[in-house]
2 protein chains.
Amino acid sequence: MLVSPSTHHFADPLPLRSGGSIRAYDLCYETYGTLNADRSNAVLVAHALNASHHLAGHYAGQDKSEGWWDNMIGPGKPVDTNRFFVIGVNNLGSCFGSTGPMHVNPDTGRIYGADFPVVTVEDWVDAQARLLDVLGIETLAAVMGGSLGGMQALSWSLQYPQRVRHAVVIASAPNLTAENIAFNEVARRAIVTDPDFNNGHFYAQDGRAETKPKRGLRIARMIGHITYLSNDVMNAKFGRALRQALMTGVDEAGDTGLPGAGGYRYSTQEVEFQIESYLRYQGDKFAEYFDANTYLLITRALDYFDPARAYDGDLSQALARASARFLLVSFTTDWRFSPARSRELVKALLDNRRDVSYAEIDAPHGHDAFLLDDPRYTGLVRSYFERIAVTETQGVDHE
Amino acid sequence: MLVSPSTHHFADPLPLRSGGSIRAYDLCYETYGTLNADRSNAVLVAHALNASHHLAGHYAGQDKSEGWWDNMIGPGKPVDTNRFFVIGVNNLGSCFGSTGPMHVNPDTGRIYGADFPVVTVEDWVDAQARLLDVLGIETLAAVMGGSLGGMQALSWSLQYPQRVRHAVVIASAPNLTAENIAFNEVARRAIVTDPDFNNGHFYAQDGRAETKPKRGLRIARMIGHITYLSNDVMNAKFGRALRQALMTGVDEAGDTGLPGAGGYRYSTQEVEFQIESYLRYQGDKFAEYFDANTYLLITRALDYFDPARAYDGDLSQALARASARFLLVSFTTDWRFSPARSRELVKALLDNRRDVSYAEIDAPHGHDAFLLDDPRYTGLVRSYFERIAVTETQGVDHE
């Protein structure tokens, strides 16, 4: 499937939860499939930290340009674009096309940098709703997302209950725990204290060259990766295997013949274990293409999301506004957004007598499982969307 | 109890597992209680990452100079210094008195810095054994430690089986998992990539001022703290509470009246949540007093420890050499060194028909629990040592 992104310029200011606003902005988006005559088959898919509007398909002439959820979305895929009109939107503050910290603030004529306004999940949902207005879509057949994307799907059901028939919330949570916030904070401090961060104004401007805070971004990404994987899958994939052993076999330098010494190089800074090599590689790659201010903004949006906050922490009260039907999915080894967090959502929805389907998939891959192929998981999403397609987008409206 | 440290200079080189050696070195140590006539009541206590020889008591004229395990060790305490002669030794490479990276290499006349040799748990145990020789102690009533200290206690039982009657191994593991190594590696990268690290030669020398890599040390300590605490205790202590709320009560600036907005300041860099304030405080404090090269060395000693490595991963074979009796303790919410890791040790010891007592304490505090007061835990250690005192150090030798 060959696809191409579009951009829409919004000239009206977007008011933000912080009290500020963005005066004018672009949203980058992609669509897949065809909007049907009664405009009832639209599915909005929200992205998480390190993703974009490019959900599925390839760009012409670009190898390895596969969308980040290509295993889930496309012709004949679980979210079948032969039946659904699927929309991916890059969120405000991101670094993949929509207006973000690396762009010029129309109010000042200068690059936003760290002055880009703090955006929340609710703000993103408002911006996405405006894009739907532009596309002439009043009601979504479904809104869907994993992780931070799942928070956006949940927030859609609360902010625009009449515009969402189904909310598919995968590997997500009603808010972050103290531990989740703690990991975000360490990552942010690594970025902010990198001398090249330059208080968030590190872009090329006024004849100054760009000084990308790659050290901080590397650390942030390494921390992230640890929390995306389960202990089990880390032990299975890497265990205590040495990098040397992988590369040169058993006849290794540095074996002193002493017990426990086989293959160790005895260095505090060189790569010794495969897990170190993996993390450094992931960190280096990420630091090349991701934006530091975007990292701060997106992790903060995660921290702030907490629909129960306005209800003294009562999640059941907070979710009373939702009228959508829900599919929730969690993964047993996900310790970032554990099944217990999804069960909190299920309970609060059931307290409100909402229509909820919930699956806890016994998968070893940790939080990353939501992006991976697992026939139980993809089969579940497929049958859920098939039911929507058959009962709701072919002239029969159950709302 | 007023105490004071001692230092012994060792003029003979210490051969290391890396194949290198340390030509001459000092060990800093403290002792508590009195060695009995038949020298049968000595207990060696090994320290973990951020600790020292100063186990218990206070230094004269210094408030807040309490030893790090003062709740466990002292007159009338679980490890009762009225009965036992307890020894704390600062490990080589540490920054609390024994020879380390901040000292002058006698071979070159220059500060070691990053050239301090990589030391292992086994090397530390060898050095501790030499100190016992100096003190005239052939056999330990017990060797004891938590976390990395527990690894040293275990290693004592394997390296010097005839010199150890009891090994008390608390909140420890037979080796690090991939995830454990991963956290160590991120912390090390944060330190090494701090521009002030200066390739490990950041001490004042040749008229150059010290440039301590505090940014990296802060990140390292923040990561450490997350792994020391359990998710449960983090939620109980900090949850999603805002720093502002704690300081000024409910009438907070920044409340826009929008749902979910109460009290948020909407900043990516300022402290917003209490957990952030806590972590930054811990990081700042640590960066002031801890040495960056020591951090690298000690985390590497953790990574390398793996007695089963020389036996193709067969822990039962590796522990066959041990002849001590064992007490192992783990804590249910410790996800750094989980109970499952202690159970691996218990199984391997039982495979060898060793005398093992094992307790899994249902405590909410995560890895930190081994340093905290819990009557089940301290009571257990107390009764274990009482049994040793009554049956083994009063003229009756059961060996």
# chains A, B, ... in the order shown; residues from 1 in each chain; ligands from 1

call {"tool": "select_by_dssp", "arguments": {"residues": "range 148-205 of chain B", "states": "strand (DSSP E)", "output": "ChimeraX atom specification"}}
result
/B:166-170

call {"tool": "residues_around", "arguments": {"residues": "range 372-388 of chain A", "least_positions_apart": "2", "cutoff": "8 Å", "atoms": "only C-alpha atoms", "output": "list in words"}}
result
Asn71, Met72, Lys77, Pro78, Val79, Asp80, Ala141, Leu327, Ile361, Asp368, Ala369, Phe370, Val390, Thr391, Glu392 and Thr393 of chain A

call {"tool": "closest_atom_pairs", "arguments": {"of": "chain A", "to": "chain B", "cutoff": "8 Å", "atoms": "only C-alpha atoms", "output": "CSV"}}
result
residue,atom,partner,partner_atom,distance
A:Arg17,CA,B:Leu258,CA,6.7
A:Ser18,CA,B:Tyr266,CA,5.8
A:Gly19,CA,B:Thr256,CA,6.2
A:Val118,CA,B:Tyr266,CA,6.0
A:Leu176,CA,B:Arg240,CA,7.9
A:Thr177,CA,B:Gly239,CA,6.4
A:Ala178,CA,B:Gly239,CA,5.0
A:Glu179,CA,B:Asn231,CA,6.0
A:Ile181,CA,B:Ile275,CA,7.5
A:Ala182,CA,B:Glu276,CA,6.4
A:Phe183,CA,B:Ile223,CA,7.6
A:Glu185,CA,B:Glu276,CA,6.3
A:Val186,CA,B:Ile219,CA,6.3
A:Arg188,CA,B:Gln269,CA,7.6
A:Arg189,CA,B:Ile219,CA,7.3
A:Ala190,CA,B:Ile219,CA,6.5
A:Val192,CA,B:Gln269,CA,7.5
A:Thr193,CA,B:Arg215,CA,6.5
A:Asp194,CA,B:Asp194,CA,7.7
A:Arg215,CA,B:Thr193,CA,6.5
A:Gly216,CA,B:Ala190,CA,7.9
A:Ile219,CA,B:Val186,CA,6.3
A:Met222,CA,B:Val186,CA,6.5
A:Ile223,CA,B:Val186,CA,6.9
A:Ile226,CA,B:Glu179,CA,6.9
A:Asn231,CA,B:Glu179,CA,6.0
A:Met234,CA,B:Ala178,CA,5.8
A:Asn235,CA,B:Ala178,CA,5.5
A:Phe238,CA,B:Ala178,CA,6.4
A:Gly239,CA,B:Ala178,CA,5.0
A:Arg240,CA,B:Ala178,CA,6.0
A:Gly254,CA,B:Ser18,CA,7.7
A:Thr256,CA,B:Gly19,CA,6.3
A:Leu258,CA,B:Arg17,CA,6.8
A:Pro259,CA,B:Ala310,CA,5.1
A:Gly260,CA,B:Ala310,CA,4.7
A:Ala261,CA,B:Arg17,CA,6.9
A:Gly262,CA,B:Ala310,CA,7.0
A:Tyr264,CA,B:Tyr304,CA,7.9
A:Arg265,CA,B:Ser18,CA,7.6
A:Tyr266,CA,B:Ser18,CA,5.8
A:Ser267,CA,B:Val118,CA,6.5
A:Thr268,CA,B:Leu296,CA,5.9
A:Gln269,CA,B:Val192,CA,7.5
A:Ile275,CA,B:Ala178,CA,6.4
A:Glu276,CA,B:Glu185,CA,6.3
A:Leu279,CA,B:Ala182,CA,7.6
A:Leu296,CA,B:Thr268,CA,5.9
A:Leu297,CA,B:Thr268,CA,6.4
A:Arg300,CA,B:Thr268,CA,6.0
A:Tyr304,CA,B:Tyr264,CA,7.9
A:Phe305,CA,B:Gly260,CA,7.7
A:Asp306,CA,B:Gly260,CA,6.4
A:Pro307,CA,B:Gly260,CA,5.9
A:Ala308,CA,B:Gly260,CA,7.2
A:Arg309,CA,B:Gly260,CA,5.1
A:Ala310,CA,B:Gly260,CA,4.7

call {"tool": "atom_distance", "arguments": {"atom1": "CA of Asp38 in chain A", "atom2": "CA of Leu131 in chain A"}}
result
18.1 Å

call {"tool": "atom_distance", "arguments": {"atom1": "CA of Glu360 in chain B", "atom2": "CA of Glu344 in chain B"}}
result
12.9 Å

call {"tool": "select_by_dssp", "arguments": {"residues": "range 75-230 of chain A", "states": "helix (DSSP H, G or I)", "output": "PyMOL selection string"}}
result
chain A and resi 113-115+121-135+148-159+161-163+178-192+195-200+214-228

call {"tool": "residues_around", "arguments": {"residues": "range 152-169 of chain B", "least_positions_apart": "5", "cutoff": "7 Å", "atoms": "only C-alpha atoms", "output": "list in words"}}
result
Ala46, Val121, Glu122, Val125, Glu138, Thr139, Leu140, Ala141, Ala142, Val143, Met144, Gly145, Gly146, Leu319, Arg321, Ala322, Ser323, Ala324, Arg325, Phe326, Leu327, Leu328 and Val329 of chain B

call {"tool": "atom_distance", "arguments": {"atom1": "CA of Thr99 in chain B", "atom2": "CA of Asp26 in chain B"}}
result
5.3 Å

call {"tool": "residues_around", "arguments": {"residues": "Trp69 in chain A", "least_positions_apart": "5", "cutoff": "7 Å", "atoms": "only C-alpha atoms", "output": "count of residues only"}}
result
3

call {"tool": "residues_around", "arguments": {"residues": "range 203-212 of chain A", "least_positions_apart": "2", "cutoff": "10 Å", "atoms": "only C-alpha atoms", "output": "ChimeraX atom specification"}}
result
/A:101-103,110-113,191,194-198,200-201,214-217,287-288,290-292

call {"tool": "write_last_selection", "arguments": {"atoms": "C-alpha atoms", "output": "PDB file, in the first residue's frame"}}
result
ATOM      1  CA  PRO A 101       9.245  23.165  19.025  1.00  0.00           C
ATOM      2  CA  MET A 102      11.493  23.216  15.961  1.00  0.00           C
ATOM      3  CA  HIS A 103       9.126  25.522  14.088  1.00  0.00           C
ATOM      4  CA  ARG A 110      11.582  32.912  16.305  1.00  0.00           C
ATOM      5  CA  ILE A 111      11.888  29.159  16.710  1.00  0.00           C
ATOM      6  CA  TYR A 112       9.777  27.981  19.643  1.00  0.00           C
ATOM      7  CA  GLY A 113      12.377  25.727  21.257  1.00  0.00           C
ATOM      8  CA  ILE A 191      18.084  15.884  28.398  1.00  0.00           C
ATOM      9  CA  ASP A 194      22.939  17.997  28.709  1.00  0.00           C
ATOM     10  CA  PRO A 195      25.046  21.133  28.047  1.00  0.00           C
ATOM     11  CA  ASP A 196      23.985  20.975  24.393  1.00  0.00           C
ATOM     12  CA  PHE A 197      20.351  21.407  25.406  1.00  0.00           C
ATOM     13  CA  ASN A 198      21.097  25.108  25.845  1.00  0.00           C
ATOM     14  CA  GLY A 200      15.894  24.244  24.922  1.00  0.00           C
ATOM     15  CA  HIS A 201      17.144  26.700  22.309  1.00  0.00           C
ATOM     16  CA  LYS A 214      22.288  13.762  21.927  1.00  0.00           C
ATOM     17  CA  ARG A 215      23.817  12.621  25.212  1.00  0.00           C
ATOM     18  CA  GLY A 216      20.575  13.295  27.039  1.00  0.00           C
ATOM     19  CA  LEU A 217      18.417  11.793  24.297  1.00  0.00           C
ATOM     20  CA  ALA A 287      19.292  10.656  19.299  1.00  0.00           C
ATOM     21  CA  GLU A 288      19.808  11.117  15.560  1.00  0.00           C
ATOM     22  CA  PHE A 290      14.171  12.586  17.716  1.00  0.00           C
ATOM     23  CA  ASP A 291      13.738  16.094  19.060  1.00  0.00           C
ATOM     24  CA  ALA A 292      14.662  16.824  22.669  1.00  0.00           C
TER      25      ALA A 292
END

call {"tool": "residues_around", "arguments": {"residues": "Gly67 in chain A", "least_positions_apart": "3", "cutoff": "12 Å", "atoms": "only C-alpha atoms", "output": "number ranges by chain"}}
result
A: 1-5, 30-32, 47, 51-59, 62-64, 70-74, 88, 371

call {"tool": "write_last_selection", "arguments": {"atoms": "C-alpha atoms", "output": "PDB file, in the first residue's frame"}}
result
ATOM      1  CA  MET A   1       0.000   0.000   0.000  1.00  0.00           C
ATOM      2  CA  LEU A   2       1.577   3.288  -1.122  1.00  0.00           C
ATOM      3  CA  VAL A   3       0.568   6.264   0.967  1.00  0.00           C
ATOM      4  CA  SER A   4       1.438   9.926   1.276  1.00  0.00           C
ATOM      5  CA  PRO A   5       1.003  12.433   4.088  1.00  0.00           C
ATOM      6  CA  GLU A  30      -2.496  10.337   6.604  1.00  0.00           C
ATOM      7  CA  THR A  31      -5.642   8.485   5.591  1.00  0.00           C
ATOM      8  CA  TYR A  32      -6.091   4.927   4.361  1.00  0.00           C
ATOM      9  CA  HIS A  47       0.100   7.629  18.373  1.00  0.00           C
ATOM     10  CA  ALA A  51       5.465   7.523  16.480  1.00  0.00           C
ATOM     11  CA  SER A  52       3.568   9.637  14.014  1.00  0.00           C
ATOM     12  CA  HIS A  53       0.670   9.939  11.589  1.00  0.00           C
ATOM     13  CA  HIS A  54       2.370   7.314   9.406  1.00  0.00           C
ATOM     14  CA  LEU A  55       0.449   4.286  10.636  1.00  0.00           C
ATOM     15  CA  ALA A  56       0.596   1.963   7.671  1.00  0.00           C
ATOM     16  CA  GLY A  57       1.812   1.413   4.129  1.00  0.00           C
ATOM     17  CA  HIS A  58       4.952   2.704   2.443  1.00  0.00           C
ATOM     18  CA  TYR A  59       6.060   5.948   0.841  1.00  0.00           C
ATOM     19  CA  GLN A  62      11.365   4.693   0.046  1.00  0.00           C
ATOM     20  CA  ASP A  63      12.374   1.284   1.284  1.00  0.00           C
ATOM     21  CA  LYS A  64      11.919   0.668   4.991  1.00  0.00           C
ATOM     22  CA  ASP A  70       1.438  -1.738   9.548  1.00  0.00           C
ATOM     23  CA  ASN A  71       0.808  -5.182  11.031  1.00  0.00           C
ATOM     24  CA  MET A  72      -2.507  -3.927  12.424  1.00  0.00           C
ATOM     25  CA  ILE A  73      -3.813  -1.499   9.788  1.00  0.00           C
ATOM     26  CA  GLY A  74      -4.199  -1.936   6.025  1.00  0.00           C
ATOM     27  CA  GLY A  88      -3.441   8.956  11.542  1.00  0.00           C
ATOM     28  CA  LEU A 371       3.156  -3.334  18.651  1.00  0.00           C
TER      29      LEU A 371
END

call {"tool": "closest_residue", "arguments": {"among": "B:Ala171, B:Val86, B:Leu345, B:Ala359", "to": "Thr333 in chain B", "atoms": "only C-alpha atoms"}}
result
B:Ala171
